[in-house]
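Peer 1: There's a structure below that I have some questions on.
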Amino acid sequence: MATKQDTGIVVAISGGRKRRAHNASDQRLWGSAPAEVARRLRPGLTEVADQVIKEITARVPEYARPADETYIKAIRLAVDEALRQFVDRIENPSRPWDPDVFRTIGRGEANEGRNLDPLQTAMRLGARVAWRRLTEQSEHLGLTPQHLYDLGEAIFVYLDQLADAASEGFDEARARAAGEIGRRRHRLMDLLLSQPAASPEAIADLAKAAGWRLPRTVAGVALDERSNGRRNLPLPPDVLTGLDRPAPCLIVPDPNGPGQAQTLEAGLRGWKAAIGPAVPLAAAATSLRWAREALDLRRRGVLVEERGLLRCADHMATLIVFKDEELVSALTEVRLAPLAHLRPSQQDRLAETLLAWLRHGRGAGEVAARLHVHPQTVRYRLRQLEELYGDQLSDPDIRFELEIVLRARQSVSSGAS
């Protein structure tokens with residue numbers, strides 16, 4: 001069995017061809033030539049293998065490792081095995097063949113980070129050498145033109161089988177590597193969201209093992225699973241995904257980087273999601289907590305966002321106000337007590353006017369423009385408020401608390417409407 005040193009080894013086969021089914025009629029191709037041909041071919045297999053290896057190492061840069069004896073031995077093993085099994089099948093067309101060595105070749109290509117193109121090039125070169133040797137010795141081997149025709153077709157059948165085996169090994173290694181990377185990234189997300197925060201060294205070690213570049217900042221993204229049935233998100237590979245977590249989420253590296261906003265918007269199209277503020281890596285859990293709170297306020301209608309992605313950075317004041325709703329309710333009861341005896345419609349009009357006055361200035365004209373009412377109406381309401389609140393409206397601390405409770409009241413009213 002080949003080892004990791006066997007990676008990149010090549011055989012006398014030709015890749016890149018469309019895979020074909022192999023059936024009993026293929027055995028006829030090997031059986032066309034007399035079994036004696038196999039016995040005549042065996043003594044020259046070493047020489048053919050030398051020619052194949054020389055051709056490949058000279059013309060395929062990825063396999064040119066003349067100083068690596070272990071690697072050359074691995075190439076020799078693969079080429080010898082390919083030639084041996086081909087000749088064995090000429091002698092006994094029903095003999096089953098062993099694809100394990102060639103699956104190992106494919107796994108090796110994947111482990112070395114290559115695609116199958118260099119291997120396929122090497123296969124074609126090896127096939128050319130083998131076919132040339134057959135034609136040159138056809139008279140000595142006693143091969144008729146029909147024998148050569150059938151053996152030439154048998155080579156292509158055999159090449160397809162070897163290519164299939166190498167592709168299976170390649171796909172298997174890729175899947176295994178992707179699965180391992182996925183598991184490591186899953187553990188990395190657990191580590192980043194753990195409380196208390198994990199040590200920077202532990203995070204750095206696992207990030208390296210997971211192939212994840214440590215960013216300067218991160219942001220947590222909370223997802224509302226009910227908003228979309230898709231389980232795969234078209235997002236960049238450096239975004240850590242936790243779709244299988246009880247509360248689906250993402251960790252986005254450098255969320256304020258070039259193009260990140262557009263990429264997230266496109267990738268999360270169709271989802272209801274909230275992104276927390278950009279924070280240092282150690283505070284990833286905090287960013288996600290804010291995102292989840294924002295998403296909850298969105299479900300309740302307190303926060304409204306036309307686009308799919310709700311950004312905490314655009315609603316920090318509301319998030320702070322609703323951080324302790326019991327405390328806000330208690331403050332509301334105290335600060336809005338002067339309005340309590342009025343009819344609900346009167347309370348709404350005076351609360352709206354007072355908030356506009358606190359936010360946009362004390363001129364009746366500006367407040368009227370904000371509320372789209374006549375300035376005289378605003379003056380009338382402001383006189384009512386002065387009668388109800390008296391000197392309280394001149395106290396900056398009370399005005400600050402009034403703005404807090406009126407903003408919260410407005411948000412709740414907007415969500416309920």
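A note on labels: chains of the structure tokens are A, B, ... as shown, every chain counts residues from 1, and ligands are counted from 1 in their shown order.
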Neighbours of A:Asn111 within 9 Å (only C-alpha atoms; same-chain residues fewer than 3 positions away dropped), as a list in words?

Peer 2: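 In the requested format, the answer is Lys4, Thr7, Gly106, Arg107, Gly108, Arg114, Phe170, Ala173, Arg174 and Ala177 of chain A.
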
Peer 1: How would the residues just picked look written out with N, CA, C and O atoms as a short mmCIF file (atom, residue, chain, number, x, y, z; two decimals), in the first residue's frame?

Peer 2:
```cif
data_model
loop_
_atom_site.label_atom_id
_atom_site.label_comp_id
_atom_site.auth_asym_id
_atom_site.auth_seq_id
_atom_site.Cartn_x
_atom_site.Cartn_y
_atom_site.Cartn_z
N LYS A 4 1.87 8.48 2.10
CA LYS A 4 1.76 9.87 1.67
C LYS A 4 2.89 10.25 0.73
O LYS A 4 2.77 11.13 -0.09
N THR A 7 2.28 10.33 -3.03
CA THR A 7 1.43 11.33 -3.67
C THR A 7 2.08 11.83 -4.94
O THR A 7 3.27 12.06 -5.02
N GLY A 106 -4.84 8.96 -6.55
CA GLY A 106 -5.78 10.08 -6.55
C GLY A 106 -5.82 10.78 -5.20
O GLY A 106 -5.85 12.01 -5.13
N ARG A 107 -5.80 10.00 -4.11
CA ARG A 107 -5.77 10.62 -2.78
C ARG A 107 -4.51 11.46 -2.60
O ARG A 107 -4.54 12.53 -2.00
N GLY A 108 -3.39 10.95 -3.15
CA GLY A 108 -2.14 11.69 -3.03
C GLY A 108 -2.19 13.02 -3.76
O GLY A 108 -1.68 14.03 -3.26
N ARG A 114 -3.07 19.47 -5.47
CA ARG A 114 -3.17 19.62 -6.93
C ARG A 114 -4.54 19.16 -7.39
O ARG A 114 -5.24 18.43 -6.69
N PHE A 170 -9.29 10.66 -5.30
CA PHE A 170 -9.20 12.12 -5.23
C PHE A 170 -10.43 12.71 -4.54
O PHE A 170 -10.31 13.51 -3.61
N ALA A 173 -10.51 11.85 -0.80
CA ALA A 173 -9.59 12.66 0.00
C ALA A 173 -10.11 14.08 0.16
O ALA A 173 -10.01 14.66 1.24
N ARG A 174 -10.65 14.64 -0.93
CA ARG A 174 -11.20 15.99 -0.85
C ARG A 174 -12.35 16.04 0.15
O ARG A 174 -12.46 16.97 0.94
N ALA A 177 -10.98 15.75 3.66
CA ALA A 177 -10.33 17.00 4.07
C ALA A 177 -11.36 18.08 4.36
O ALA A 177 -11.24 18.81 5.36
#
```

Peer 1: Quick one: residues within 9 Å of A:Ile203, only C-alpha atoms, excluding same-chain residues fewer than 2 positions away - as a PDB file with N, CA, C and O atoms, in the first residue's frame?

Peer 2:
```
ATOM      1  N   LEU A 188     -13.908  25.731  16.263  1.00  0.00           N
ATOM      2  CA  LEU A 188     -13.418  27.097  16.377  1.00  0.00           C
ATOM      3  C   LEU A 188     -14.560  28.045  16.725  1.00  0.00           C
ATOM      4  O   LEU A 188     -14.397  28.940  17.564  1.00  0.00           O
ATOM      5  N   LEU A 191     -15.346  27.746  20.277  1.00  0.00           N
ATOM      6  CA  LEU A 191     -14.324  28.395  21.096  1.00  0.00           C
ATOM      7  C   LEU A 191     -14.512  29.909  21.103  1.00  0.00           C
ATOM      8  O   LEU A 191     -14.404  30.557  22.152  1.00  0.00           O
ATOM      9  N   LEU A 192     -14.804  30.480  19.942  1.00  0.00           N
ATOM     10  CA  LEU A 192     -14.977  31.922  19.850  1.00  0.00           C
ATOM     11  C   LEU A 192     -16.202  32.404  20.621  1.00  0.00           C
ATOM     12  O   LEU A 192     -16.221  33.540  21.121  1.00  0.00           O
ATOM     13  N   ALA A 198     -12.097  32.082  25.397  1.00  0.00           N
ATOM     14  CA  ALA A 198     -10.922  31.211  25.368  1.00  0.00           C
ATOM     15  C   ALA A 198      -9.660  32.056  25.232  1.00  0.00           C
ATOM     16  O   ALA A 198      -9.702  33.225  24.836  1.00  0.00           O
ATOM     17  N   SER A 199      -8.533  31.449  25.523  1.00  0.00           N
ATOM     18  CA  SER A 199      -7.266  32.166  25.442  1.00  0.00           C
ATOM     19  C   SER A 199      -6.922  32.466  23.990  1.00  0.00           C
ATOM     20  O   SER A 199      -7.273  31.688  23.082  1.00  0.00           O
ATOM     21  N   PRO A 200      -6.244  33.571  23.729  1.00  0.00           N
ATOM     22  CA  PRO A 200      -5.836  33.891  22.357  1.00  0.00           C
ATOM     23  C   PRO A 200      -4.977  32.794  21.734  1.00  0.00           C
ATOM     24  O   PRO A 200      -5.064  32.541  20.529  1.00  0.00           O
ATOM     25  N   GLU A 201      -4.154  32.144  22.546  1.00  0.00           N
ATOM     26  CA  GLU A 201      -3.289  31.072  22.022  1.00  0.00           C
ATOM     27  C   GLU A 201      -4.118  29.898  21.524  1.00  0.00           C
ATOM     28  O   GLU A 201      -3.855  29.335  20.454  1.00  0.00           O
ATOM     29  N   ASP A 205      -4.237  28.628  17.626  1.00  0.00           N
ATOM     30  CA  ASP A 205      -3.849  27.265  17.247  1.00  0.00           C
ATOM     31  C   ASP A 205      -4.951  26.580  16.446  1.00  0.00           C
ATOM     32  O   ASP A 205      -4.690  25.955  15.403  1.00  0.00           O
ATOM     33  N   LEU A 206      -6.182  26.686  16.932  1.00  0.00           N
ATOM     34  CA  LEU A 206      -7.286  26.019  16.240  1.00  0.00           C
ATOM     35  C   LEU A 206      -7.586  26.706  14.917  1.00  0.00           C
ATOM     36  O   LEU A 206      -7.926  26.040  13.925  1.00  0.00           O
ATOM     37  N   ALA A 207      -7.449  28.029  14.869  1.00  0.00           N
ATOM     38  CA  ALA A 207      -7.670  28.747  13.612  1.00  0.00           C
ATOM     39  C   ALA A 207      -6.671  28.295  12.554  1.00  0.00           C
ATOM     40  O   ALA A 207      -7.021  28.108  11.387  1.00  0.00           O
ATOM     41  N   LYS A 208      -5.427  28.112  12.952  1.00  0.00           N
ATOM     42  CA  LYS A 208      -4.408  27.644  12.005  1.00  0.00           C
ATOM     43  C   LYS A 208      -4.751  26.250  11.505  1.00  0.00           C
ATOM     44  O   LYS A 208      -4.640  25.970  10.303  1.00  0.00           O
ATOM     45  N   LEU A 214      -6.679  34.666  11.109  1.00  0.00           N
ATOM     46  CA  LEU A 214      -7.173  35.465  12.227  1.00  0.00           C
ATOM     47  C   LEU A 214      -7.426  36.903  11.768  1.00  0.00           C
ATOM     48  O   LEU A 214      -6.513  37.583  11.300  1.00  0.00           O
TER      49      LEU A 214
END
```

Peer 1: Within stretch 56-296 of chain A, find each residue whose DSSP state, derived from the backbone, is alpha helix (DSSP H), and express the selection as number ranges by chain.

Peer 2: A: 56-59, 69-91, 100-111, 117-136, 138-141, 145-192, 200-209, 260-267, 284-296

Peer 1: Could you jot down the atom CA of A:Trp30 to atom CA of A:Asp150 separation for me, Å, one decimal place?

Peer 2: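 Taking atom CA of A:Trp30 and atom CA of A:Asp150, their separation equals 7.3 Å.
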
Peer 1: Residues at most 12 Å from A:Thr135, counting only C-alpha atoms, excluding those fewer than 5 positions away in the same chain, as a JSON list (two decimals) with N, CA, C and O atoms, in the first residue's frame?

Peer 2:
```
[["chain", "number", "residue", "atom", "x", "y", "z"],
["A", 128, "ARG", "N", 1.28, 6.69, -24.30],
["A", 128, "ARG", "CA", 1.97, 6.82, -25.59],
["A", 128, "ARG", "C", 3.21, 5.93, -25.63],
["A", 128, "ARG", "O", 3.48, 5.26, -26.63],
["A", 129, "VAL", "N", 3.97, 5.93, -24.53],
["A", 129, "VAL", "CA", 5.17, 5.10, -24.47],
["A", 129, "VAL", "C", 4.80, 3.62, -24.57],
["A", 129, "VAL", "O", 5.42, 2.83, -25.31],
["A", 130, "ALA", "N", 3.78, 3.21, -23.81],
["A", 130, "ALA", "CA", 3.39, 1.80, -23.80],
["A", 130, "ALA", "C", 2.89, 1.36, -25.18],
["A", 130, "ALA", "O", 3.23, 0.27, -25.66],
["A", 140, "HIS", "N", 7.81, -9.31, -33.29],
["A", 140, "HIS", "CA", 8.45, -10.24, -32.36],
["A", 140, "HIS", "C", 7.42, -10.92, -31.46],
["A", 140, "HIS", "O", 7.56, -12.12, -31.13],
["A", 141, "LEU", "N", 6.38, -10.18, -31.09],
["A", 141, "LEU", "CA", 5.36, -10.75, -30.20],
["A", 141, "LEU", "C", 4.34, -11.60, -30.95],
["A", 141, "LEU", "O", 3.51, -12.26, -30.32],
["A", 142, "GLY", "N", 4.38, -11.56, -32.25],
["A", 142, "GLY", "CA", 3.43, -12.35, -33.02],
["A", 142, "GLY", "C", 2.05, -11.73, -33.08],
["A", 142, "GLY", "O", 1.05, -12.46, -33.13],
["A", 143, "LEU", "N", 1.98, -10.40, -33.09],
["A", 143, "LEU", "CA", 0.69, -9.72, -33.07],
["A", 143, "LEU", "C", 0.26, -9.36, -34.49],
["A", 143, "LEU", "O", 1.02, -8.78, -35.26],
["A", 144, "THR", "N", -0.94, -9.72, -34.81],
["A", 144, "THR", "CA", -1.51, -9.34, -36.11],
["A", 144, "THR", "C", -2.09, -7.93, -36.00],
["A", 144, "THR", "O", -2.27, -7.40, -34.90],
["A", 145, "PRO", "N", -2.41, -7.30, -37.14],
["A", 145, "PRO", "CA", -3.06, -5.97, -37.07],
["A", 145, "PRO", "C", -4.33, -5.97, -36.23],
["A", 145, "PRO", "O", -4.61, -5.01, -35.51],
["A", 147, "HIS", "N", -4.92, -7.97, -33.67],
["A", 147, "HIS", "CA", -4.49, -8.01, -32.26],
["A", 147, "HIS", "C", -4.12, -6.60, -31.78],
["A", 147, "HIS", "O", -4.50, -6.18, -30.68],
["A", 148, "LEU", "N", -3.36, -5.88, -32.60],
["A", 148, "LEU", "CA", -2.95, -4.53, -32.22],
["A", 148, "LEU", "C", -4.16, -3.61, -32.06],
["A", 148, "LEU", "O", -4.21, -2.79, -31.12],
["A", 149, "TYR", "N", -5.11, -3.76, -32.95],
["A", 149, "TYR", "CA", -6.31, -2.93, -32.85],
["A", 149, "TYR", "C", -7.03, -3.20, -31.54],
["A", 149, "TYR", "O", -7.42, -2.27, -30.81],
["A", 151, "LEU", "N", -5.83, -4.62, -28.77],
["A", 151, "LEU", "CA", -5.04, -4.21, -27.60],
["A", 151, "LEU", "C", -5.02, -2.70, -27.44],
["A", 151, "LEU", "O", -5.00, -2.18, -26.32],
["A", 152, "GLY", "N", -5.01, -1.97, -28.55],
["A", 152, "GLY", "CA", -5.09, -0.51, -28.45],
["A", 152, "GLY", "C", -6.39, -0.07, -27.79],
["A", 152, "GLY", "O", -6.39, 0.82, -26.93]]
```

Peer 1: For A:Lys323, which residue out of A:Val367, A:Ala58, A:Ala408, A:Ala209 is the nearest one, using only C-alpha atoms?

Peer 2: A:Ala408

Peer 1: If we count only C-alpha atoms and set the cut-off at 12 Å, which residues sit around A:Arg132, ignoring sequence neighbours fewer than 6 positions away in its own chain? Please answer as a list in words.

Peer 2: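 Near A:Arg132, the qualifying residues are Ala12, Val48, Gln51, Val52, Leu125, Gly126, Ser138, Leu148, Gly152 and Ile155 of chain A.
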